[in-house]
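Raw coords.cif, mmCIF, C-alpha atoms:
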```cif
data_start
loop_
_atom_site.label_atom_id
_atom_site.label_comp_id
_atom_site.auth_asym_id
_atom_site.auth_seq_id
_atom_site.Cartn_x
_atom_site.Cartn_y
_atom_site.Cartn_z
CA MET Z 1 174.15 63.87 76.85
CA ILE Z 2 171.66 61.12 76.02
CA PHE Z 3 172.21 59.36 72.73
CA SER Z 4 169.06 57.77 71.37
CA ARG Z 5 170.85 54.92 69.68
CA TRP Z 6 171.71 53.59 73.14
CA LEU Z 7 168.14 53.68 74.42
CA SER Z 8 165.49 51.03 73.92
CA ARG Z 9 162.12 50.49 75.47
CA ALA Z 10 162.05 47.88 78.20
CA LYS Z 11 159.80 44.87 78.03
CA ALA Z 12 158.01 43.22 80.92
CA PRO Z 13 160.04 40.43 82.58
CA ALA Z 14 159.91 37.31 80.49
CA ALA Z 15 161.24 33.79 80.72
CA LYS Z 16 164.96 33.49 81.26
CA PRO Z 17 166.67 33.94 77.85
CA LYS Z 18 168.44 30.97 76.39
CA HIS Z 19 171.31 33.17 75.15
CA LEU Z 20 173.86 35.14 77.09
CA PRO Z 21 173.03 38.82 77.58
CA ARG Z 22 174.54 40.84 74.79
CA ILE Z 23 175.17 44.34 73.50
CA PRO Z 24 174.05 44.97 69.89
CA ASP Z 25 176.65 44.43 67.20
CA GLY Z 26 178.86 47.41 66.45
CA GLN Z 27 178.57 48.87 69.95
CA VAL Z 28 180.61 48.69 73.13
CA VAL Z 29 179.47 49.96 76.53
CA TYR Z 30 181.78 50.90 79.39
CA ALA Z 31 179.94 51.03 82.74
CA VAL Z 32 181.74 52.82 85.59
CA GLY Z 33 180.96 52.31 89.28
CA ASP Z 34 180.50 54.89 92.05
CA ILE Z 35 183.25 57.55 91.91
CA HIS Z 36 182.55 59.50 95.15
CA GLY Z 37 184.90 62.42 94.62
CA ARG Z 38 187.89 60.42 93.36
CA LEU Z 39 188.86 62.56 90.39
CA ASP Z 40 192.22 60.82 90.25
CA LEU Z 41 190.56 57.46 89.65
CA LEU Z 42 188.18 58.95 87.09
CA GLN Z 43 191.20 60.16 85.14
CA ARG Z 44 192.77 56.70 85.28
CA ALA Z 45 189.50 55.19 84.08
CA ALA Z 46 189.42 57.64 81.17
CA ASP Z 47 192.98 56.68 80.24
CA ALA Z 48 192.19 52.96 80.42
CA ILE Z 49 189.03 53.34 78.33
CA ALA Z 50 190.89 55.45 75.75
CA GLN Z 51 193.50 52.72 75.36
CA ASP Z 52 190.80 50.06 75.07
CA VAL Z 53 188.80 52.02 72.49
CA ASP Z 54 191.93 52.33 70.35
CA ARG Z 55 191.97 48.55 70.13
CA LEU Z 56 188.34 48.46 68.96
CA PRO Z 57 188.24 50.81 65.98
CA SER Z 58 185.17 49.27 64.35
CA VAL Z 59 182.66 49.78 67.19
CA GLN Z 60 180.77 52.79 68.54
CA PRO Z 61 181.63 53.29 72.24
CA VAL Z 62 179.69 54.93 75.07
CA THR Z 63 180.43 55.17 78.78
CA VAL Z 64 177.63 54.87 81.34
CA PHE Z 65 178.30 56.19 84.84
CA VAL Z 66 175.99 54.60 87.43
CA GLY Z 67 175.86 57.65 89.72
CA ASP Z 68 177.33 58.89 93.02
CA TYR Z 69 179.96 61.27 91.67
CA ILE Z 70 180.15 63.30 94.88
CA ASP Z 71 180.64 62.96 98.67
CA ARG Z 72 183.22 61.17 100.80
CA GLY Z 73 186.18 61.65 98.45
CA PRO Z 74 188.22 64.87 98.22
CA SER Z 75 187.32 66.16 94.73
CA SER Z 76 183.55 66.18 94.27
CA ARG Z 77 183.62 69.50 92.45
CA GLY Z 78 186.42 68.27 90.21
CA VAL Z 79 184.45 65.18 89.21
CA LEU Z 80 181.38 67.26 88.27
CA ASP Z 81 183.64 69.70 86.38
CA ARG Z 82 184.92 66.76 84.36
CA LEU Z 83 181.44 65.42 83.59
CA VAL Z 84 180.14 68.86 82.63
CA SER Z 85 183.03 69.37 80.23
CA PHE Z 86 182.37 66.03 78.46
CA ALA Z 87 186.16 65.69 78.29
CA PHE Z 88 186.11 61.91 77.99
CA PRO Z 89 187.34 59.50 75.32
CA THR Z 90 183.77 58.35 74.52
CA PRO Z 91 180.30 59.89 74.61
CA ILE Z 92 178.99 59.64 78.19
CA ILE Z 93 175.66 58.93 79.87
CA PRO Z 94 175.87 59.88 83.56
CA LEU Z 95 172.99 58.51 85.66
CA LEU Z 96 171.54 60.00 88.84
CA GLY Z 97 172.69 58.58 92.18
CA ASN Z 98 171.25 59.04 95.65
CA HIS Z 99 174.11 61.34 96.69
CA GLU Z 100 173.34 63.73 93.84
CA THR Z 101 169.70 63.62 94.98
CA LEU Z 102 170.78 64.69 98.48
CA LEU Z 103 172.78 67.61 97.10
CA LEU Z 104 169.84 68.84 95.03
CA ASN Z 105 167.53 68.49 98.04
CA PHE Z 106 169.97 70.45 100.22
CA LEU Z 107 169.91 73.35 97.76
CA GLU Z 108 166.17 73.60 98.50
CA ASP Z 109 166.11 72.61 102.19
CA ALA Z 110 169.03 73.28 104.56
CA SER Z 111 167.79 70.70 107.09
CA VAL Z 112 168.81 67.94 104.64
CA LEU Z 113 172.38 68.49 105.86
CA GLN Z 114 171.53 66.74 109.12
CA ARG Z 115 171.45 63.50 107.17
CA TRP Z 116 173.75 64.41 104.30
CA ARG Z 117 176.71 65.34 106.52
CA SER Z 118 176.91 61.76 107.80
CA LEU Z 119 177.06 60.47 104.21
CA GLY Z 120 179.98 62.58 102.99
CA GLY Z 121 178.19 65.83 102.29
CA LEU Z 122 180.69 67.92 104.25
CA GLU Z 123 183.47 66.81 101.94
CA THR Z 124 181.42 67.96 98.97
CA LEU Z 125 180.69 71.35 100.56
CA PHE Z 126 184.38 71.78 101.35
CA SER Z 127 185.30 71.04 97.74
CA TYR Z 128 183.15 74.04 96.74
CA GLY Z 129 184.92 76.29 99.23
CA VAL Z 130 182.11 76.28 101.82
CA ASP Z 131 183.11 76.78 105.47
CA VAL Z 132 181.91 73.58 107.16
CA ARG Z 133 183.23 74.14 110.70
CA GLU Z 134 179.83 74.86 112.22
CA ALA Z 135 178.12 72.19 110.18
CA MET Z 136 180.53 69.62 111.59
CA THR Z 137 179.01 70.27 115.01
CA GLY Z 138 175.41 70.08 113.79
CA ARG Z 139 174.85 73.81 113.49
CA GLY Z 140 174.92 76.49 110.81
CA PHE Z 141 173.08 74.50 108.15
CA GLU Z 142 171.52 77.61 106.62
CA ALA Z 143 174.91 79.31 106.38
CA ALA Z 144 176.34 76.22 104.66
CA GLN Z 145 173.41 76.19 102.25
CA TYR Z 146 173.96 79.86 101.45
CA GLY Z 147 177.66 79.20 100.87
CA LEU Z 148 176.91 76.40 98.43
CA LEU Z 149 174.25 78.41 96.60
CA ARG Z 150 176.82 81.15 96.04
CA SER Z 151 179.56 78.85 94.77
CA PHE Z 152 177.60 76.12 92.96
CA PRO Z 153 178.02 76.61 89.19
CA ASP Z 154 174.86 76.83 87.11
CA GLU Z 155 176.21 74.18 84.77
CA HIS Z 156 176.58 71.75 87.67
CA ARG Z 157 172.97 72.33 88.71
CA ARG Z 158 171.74 71.86 85.14
CA LEU Z 159 173.71 68.65 84.81
CA LEU Z 160 172.29 67.15 88.00
CA LEU Z 161 168.73 68.26 87.28
CA HIS Z 162 168.76 66.51 83.91
CA LEU Z 163 170.50 63.25 84.81
CA PRO Z 164 168.42 60.23 83.76
CA ARG Z 165 167.75 57.52 86.32
CA SER Z 166 168.24 54.60 83.95
CA VAL Z 167 169.34 53.66 80.46
CA GLU Z 168 169.20 50.44 78.47
CA CYS Z 169 171.29 48.85 75.77
CA GLY Z 170 170.64 45.42 74.37
CA ASP Z 171 169.96 42.96 77.18
CA TYR Z 172 171.26 45.34 79.88
CA PHE Z 173 169.50 47.87 82.13
CA PHE Z 174 171.70 50.41 83.91
CA CYS Z 175 170.70 52.34 87.03
CA HIS Z 176 172.25 53.46 90.31
CA ALA Z 177 170.74 51.36 93.09
CA GLY Z 178 168.63 48.69 91.45
CA ILE Z 179 165.02 47.95 90.60
CA ARG Z 180 161.90 46.75 92.42
CA PRO Z 181 161.58 43.00 91.70
CA GLY Z 182 158.33 42.01 90.05
CA VAL Z 183 157.68 45.48 88.63
CA PRO Z 184 158.15 45.93 84.85
CA LEU Z 185 161.20 48.00 84.02
CA THR Z 186 158.99 50.60 82.32
CA GLU Z 187 157.01 51.07 85.55
CA GLN Z 188 159.80 51.40 88.12
CA ASP Z 189 159.45 54.01 90.88
CA PRO Z 190 162.11 56.69 90.21
CA ASP Z 191 163.07 56.67 93.91
CA ASP Z 192 163.72 52.92 93.83
CA LEU Z 193 166.19 53.38 90.97
CA VAL Z 194 168.42 55.56 93.18
CA TRP Z 195 167.66 54.27 96.70
CA ILE Z 196 166.53 50.63 96.78
CA ARG Z 197 168.75 48.12 98.49
CA ASP Z 198 167.70 44.93 100.32
CA GLU Z 199 164.62 44.00 98.28
CA PHE Z 200 166.71 44.15 95.14
CA LEU Z 201 169.96 42.69 96.43
CA THR Z 202 168.29 39.62 97.95
CA SER Z 203 166.16 38.84 94.90
CA ASP Z 204 167.18 36.13 92.47
CA VAL Z 205 164.28 36.53 90.04
CA ASP Z 206 164.78 37.27 86.37
CA HIS Z 207 164.22 41.00 85.80
CA GLY Z 208 163.90 40.66 82.03
CA LYS Z 209 167.28 42.35 81.53
CA LEU Z 210 170.55 42.11 83.39
CA ILE Z 211 170.73 45.00 85.86
CA VAL Z 212 174.06 46.86 86.10
CA HIS Z 213 174.24 49.02 89.23
CA GLY Z 214 176.30 50.45 92.08
CA HIS Z 215 175.13 51.98 95.41
CA THR Z 216 176.16 49.12 97.71
CA PRO Z 217 179.94 48.71 98.15
CA VAL Z 218 181.38 45.23 97.60
CA PRO Z 219 184.99 44.02 97.84
CA GLU Z 220 184.98 42.84 94.21
CA PRO Z 221 182.62 43.35 91.28
CA ASP Z 222 179.63 41.13 92.08
CA PHE Z 223 178.30 39.08 89.17
CA ARG Z 224 174.90 37.48 89.77
CA ARG Z 225 172.45 35.74 87.47
CA ASN Z 226 170.23 38.83 87.37
CA ARG Z 227 172.55 41.75 88.22
CA ILE Z 228 176.13 43.08 88.31
CA ASN Z 229 177.30 45.39 91.12
CA LEU Z 230 180.18 47.71 90.16
CA ASP Z 231 180.55 49.70 93.41
CA THR Z 232 183.94 48.69 94.80
CA GLY Z 233 184.10 51.57 97.32
CA ALA Z 234 186.48 53.74 95.32
CA PHE Z 235 186.59 56.54 97.90
CA ALA Z 236 187.98 54.17 100.57
CA THR Z 237 189.67 51.38 98.61
CA GLY Z 238 191.21 53.38 95.77
CA ARG Z 239 189.66 50.88 93.33
CA LEU Z 240 187.24 52.17 90.70
CA THR Z 241 185.67 49.44 88.60
CA CYS Z 242 184.72 49.69 84.93
CA LEU Z 243 182.86 46.95 83.08
CA ARG Z 244 183.30 46.59 79.32
CA LEU Z 245 180.33 45.03 77.52
CA LEU Z 246 181.00 43.93 73.96
CA GLY Z 247 178.73 41.41 72.27
CA GLU Z 248 178.31 38.62 74.82
CA THR Z 249 181.57 39.36 76.65
CA GLN Z 250 181.90 41.02 80.06
CA THR Z 251 185.37 42.34 80.87
CA ILE Z 252 186.37 44.09 84.10
CA ILE Z 253 188.78 47.04 83.99
CA THR Z 254 189.86 48.05 87.51
CA VAL Z 255 191.83 51.25 88.11
#
```

Can I see the file as structure tokens?
Amino acid sequence: MIFSRWLSRAKAPAAKPKHLPRIPDGQVVYAVGDIHGRLDLLQRAADAIAQDVDRLPSVQPVTVFVGDYIDRGPSSRGVLDRLVSFAFPTPIIPLLGNHETLLLNFLEDASVLQRWRSLGGLETLFSYGVDVREAMTGRGFEAAQYGLLRSFPDEHRRLLLHLPRSVECGDYFFCHAGIRPGVPLTEQDPDDLVWIRDEFLTSDVDHGKLIVHGHTPVPEPDFRRNRINLDTGAFATGRLTCLRLLGETQTIITV
């Protein structure tokens, strides 16, 4: 799943670079925003990336998914099936999102559903064939947990347990939620990478690399001096955003 040629060690934040952020020569990175159970949009993204790769025969492509594959949308299981199969036009690096963290926590502690059900967890349970009628009323959490444990494929659990929380390529740092400003990228709290919000979103400091993230829905891809937000609320808007990074160019592909 993780391809070492795409990984590099982060350096402590330095002075703002005089050049535009860039991907190393001979490589192209496709970064995909939060999917949230929209298997249909994931398929369209795959088709669009396949067509784009065909136009770039001399580069090595990889697709980075910034997390949140499940919840809210109708096909959470289908999305994880697709990621597990690696049936994609490029090698893939799926990152861990906070919604995947909630699912893993629920497998160990049924009470997590009290919070998770308000964040789209019931839709995920339903996609695995779990009876959620009692859970909708705030009861039967243990029964729902048992139902998911019975139907949750081992390969899905292994995938989620081994998802990295970040990856780097060139002048870019990819994660789900963001980073803690002022903390070197090599020393980030793993929880911040999947959960942080306001402290990161309101910061305009140079993080040393350009942060590509999701987690917080925006009407359009949000390009800032120090970060790019790709979460365009696919589950509600029907718009899944993919960012192509090639050399110093940044190209949006919206499906």

Give me the residues within 8 Å of Phe173 of chain Z as a ChimeraX atom specification, counting only C-alpha atoms and dropping any in the same chain fewer than 3 places off.
-> /Z:166-169,209-212

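Minimum distance to Arg38 of chain Z across Z:Gln60, Z:Thr101, Z:Thr124, Z:Gln188 (counting all atoms listed in the file) occurs at Z:Thr124.
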
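Residues matching the PyMOL selection byres ((chain Z and resi 192) around 8) in this structure come to Ala177, Gly178, Ile179, Arg180, Gln188, Asp189, Pro190, Asp191, Leu193, Val194, Trp195 and Ile196 of chain Z.
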
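The nearest approach to Arg72 of chain Z among the residues Z:Gly208, Z:Gly233, Z:Gly120, Z:Gly97, with only C-alpha atoms taken into account, belongs to Z:Gly120.
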
Residue contacts of Leu104 of chain Z (8 Å, only C-alpha atoms) excluding same-chain residues fewer than 3 positions away, as number ranges by chain = Z: 100-101, 107-108, 157, 160-161

Residues at most 9 Å from Pro181 of chain Z, counting only C-alpha atoms, excluding those fewer than 2 positions away in the same chain, as a PyMOL selection string?
-> chain Z and resi 179+183-184+199-200+203-207

Residues near Gly26 of chain Z, cut-off 12 Å, all atoms listed in the file, skip fewer than 5 positions along chain, as a PyMOL selection string = chain Z and resi 5-6+56-62+170+245-247

Which neighbours of Tyr128 of chain Z fall inside 8 Å, counting all atoms listed in the file, when residues of the same chain fewer than 4 positions from it are skipped, and could you give them as a list in words?
-> Arg77, Thr124, Leu148, Ser151 and Phe152 of chain Z

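Among Z:Gly67, Z:Gly73, Z:Pro91, Z:Pro21, the residue with the shortest atom-to-atom distance to Gly37 of chain Z, counting only C-alpha atoms, is Z:Gly73.
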
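Nearest to Val84 of chain Z of all the residues Z:Leu201, Z:Leu159, Z:Val130, Z:Cys175 is Z:Leu159, based on all atoms listed in the file.
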
Evaluate the PyMOL selection byres ((chain Z and resi 235) around 10) on the structure here and hand back the selected residues as a PyMOL selection string.
-> chain Z and resi 34-39+41+70-74+232-234+236-240

Now that the selection is made, can you save its residues with C-alpha atoms as a PDB file, in the frame of the given file?
```
ATOM      1  CA  ASP Z  34     180.500  54.890  92.050  1.00  0.00           C
ATOM      2  CA  ILE Z  35     183.250  57.550  91.910  1.00  0.00           C
ATOM      3  CA  HIS Z  36     182.550  59.500  95.150  1.00  0.00           C
ATOM      4  CA  GLY Z  37     184.900  62.420  94.620  1.00  0.00           C
ATOM      5  CA  ARG Z  38     187.890  60.420  93.360  1.00  0.00           C
ATOM      6  CA  LEU Z  39     188.860  62.560  90.390  1.00  0.00           C
ATOM      7  CA  LEU Z  41     190.560  57.460  89.650  1.00  0.00           C
ATOM      8  CA  ILE Z  70     180.150  63.300  94.880  1.00  0.00           C
ATOM      9  CA  ASP Z  71     180.640  62.960  98.670  1.00  0.00           C
ATOM     10  CA  ARG Z  72     183.220  61.170 100.800  1.00  0.00           C
ATOM     11  CA  GLY Z  73     186.180  61.650  98.450  1.00  0.00           C
ATOM     12  CA  PRO Z  74     188.220  64.870  98.220  1.00  0.00           C
ATOM     13  CA  THR Z 232     183.940  48.690  94.800  1.00  0.00           C
ATOM     14  CA  GLY Z 233     184.100  51.570  97.320  1.00  0.00           C
ATOM     15  CA  ALA Z 234     186.480  53.740  95.320  1.00  0.00           C
ATOM     16  CA  ALA Z 236     187.980  54.170 100.570  1.00  0.00           C
ATOM     17  CA  THR Z 237     189.670  51.380  98.610  1.00  0.00           C
ATOM     18  CA  GLY Z 238     191.210  53.380  95.770  1.00  0.00           C
ATOM     19  CA  ARG Z 239     189.660  50.880  93.330  1.00  0.00           C
ATOM     20  CA  LEU Z 240     187.240  52.170  90.700  1.00  0.00           C
TER      21      LEU Z 240
END
```

Where does the PyMOL selection byres ((chain Z and resi 137) around 12) land in this file, that is, which residues does it pick, as a VMD selection string?
-> chain Z and resid 113 to 114 117 to 118 122 132 to 136 138 to 141

Record the distance separating atom CA of Leu185 of chain Z and atom CA of Thr216 of chain Z, expressed in Å with one decimal.
-> 20.3 Å

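Across the structure, atom CA of His213 of chain Z and atom CA of Gln43 of chain Z are spaced 20.7 Å apart.
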
Output segment 176-206 of chain Z with N, CA and C atoms present, as a tab-separated table (two decimals), in the frame of the given file.
```tsv
chain	number	residue	atom	x	y	z
Z	176	HIS	N	171.33	53.30	89.18
Z	176	HIS	CA	172.25	53.46	90.31
Z	176	HIS	C	172.10	52.37	91.35
Z	177	ALA	N	170.91	52.24	91.93
Z	177	ALA	CA	170.74	51.36	93.09
Z	177	ALA	C	170.19	50.00	92.75
Z	178	GLY	N	169.28	49.94	91.78
Z	178	GLY	CA	168.63	48.69	91.45
Z	178	GLY	C	167.19	48.93	91.07
Z	179	ILE	N	166.42	47.84	91.00
Z	179	ILE	CA	165.02	47.95	90.60
Z	179	ILE	C	164.16	47.18	91.60
Z	180	ARG	N	162.86	47.45	91.57
Z	180	ARG	CA	161.90	46.75	92.42
Z	180	ARG	C	161.54	45.44	91.74
Z	181	PRO	N	161.91	44.28	92.34
Z	181	PRO	CA	161.58	43.00	91.70
Z	181	PRO	C	160.08	42.85	91.48
Z	182	GLY	N	159.73	42.26	90.36
Z	182	GLY	CA	158.33	42.01	90.05
Z	182	GLY	C	157.62	43.16	89.38
Z	183	VAL	N	158.27	44.32	89.28
Z	183	VAL	CA	157.68	45.48	88.63
Z	183	VAL	C	158.33	45.63	87.25
Z	184	PRO	N	157.54	45.76	86.19
Z	184	PRO	CA	158.15	45.93	84.85
Z	184	PRO	C	159.13	47.10	84.84
Z	185	LEU	N	160.17	46.96	84.06
Z	185	LEU	CA	161.20	48.00	84.02
Z	185	LEU	C	160.64	49.35	83.58
Z	186	THR	N	159.60	49.34	82.76
Z	186	THR	CA	158.99	50.60	82.32
Z	186	THR	C	158.15	51.25	83.41
Z	187	GLU	N	157.89	50.55	84.51
Z	187	GLU	CA	157.01	51.07	85.55
Z	187	GLU	C	157.73	51.25	86.88
Z	188	GLN	N	159.04	51.27	86.89
Z	188	GLN	CA	159.80	51.40	88.12
Z	188	GLN	C	159.59	52.76	88.78
Z	189	ASP	N	159.52	52.76	90.11
Z	189	ASP	CA	159.45	54.01	90.88
Z	189	ASP	C	160.81	54.71	90.75
Z	190	PRO	N	160.83	55.98	90.35
Z	190	PRO	CA	162.11	56.69	90.21
Z	190	PRO	C	162.95	56.67	91.49
Z	191	ASP	N	162.30	56.71	92.66
Z	191	ASP	CA	163.07	56.67	93.91
Z	191	ASP	C	163.75	55.33	94.11
Z	192	ASP	N	163.10	54.24	93.70
Z	192	ASP	CA	163.72	52.92	93.83
Z	192	ASP	C	165.01	52.84	93.01
Z	193	LEU	N	165.02	53.46	91.85
Z	193	LEU	CA	166.19	53.38	90.97
Z	193	LEU	C	167.44	53.99	91.59
Z	194	VAL	N	167.26	54.93	92.55
Z	194	VAL	CA	168.42	55.56	93.18
Z	194	VAL	C	168.59	55.19	94.65
Z	195	TRP	N	167.59	54.52	95.26
Z	195	TRP	CA	167.66	54.27	96.70
Z	195	TRP	C	167.51	52.81	97.11
Z	196	ILE	N	166.87	51.97	96.31
Z	196	ILE	CA	166.53	50.63	96.78
Z	196	ILE	C	167.78	49.84	97.15
Z	197	ARG	N	167.61	48.93	98.09
Z	197	ARG	CA	168.75	48.12	98.49
Z	197	ARG	C	168.33	46.66	98.73
Z	198	ASP	N	167.86	46.34	99.94
Z	198	ASP	CA	167.70	44.93	100.32
Z	198	ASP	C	166.75	44.15	99.42
Z	199	GLU	N	165.59	44.75	99.08
Z	199	GLU	CA	164.62	44.00	98.28
Z	199	GLU	C	165.21	43.60	96.93
Z	200	PHE	N	166.06	44.43	96.41
Z	200	PHE	CA	166.71	44.15	95.14
Z	200	PHE	C	167.88	43.19	95.30
Z	201	LEU	N	168.73	43.47	96.28
Z	201	LEU	CA	169.96	42.69	96.43
Z	201	LEU	C	169.69	41.24	96.80
Z	202	THR	N	168.60	40.99	97.51
Z	202	THR	CA	168.29	39.62	97.95
Z	202	THR	C	167.44	38.86	96.95
Z	203	SER	N	167.03	39.49	95.88
Z	203	SER	CA	166.16	38.84	94.90
Z	203	SER	C	166.98	38.08	93.88
Z	204	ASP	N	166.51	36.89	93.53
Z	204	ASP	CA	167.18	36.13	92.47
Z	204	ASP	C	166.27	35.90	91.27
Z	205	VAL	N	165.19	36.69	91.16
Z	205	VAL	CA	164.28	36.53	90.04
Z	205	VAL	C	164.85	37.17	88.79
Z	206	ASP	N	164.38	36.71	87.66
Z	206	ASP	CA	164.78	37.27	86.37
Z	206	ASP	C	164.05	38.60	86.19
```
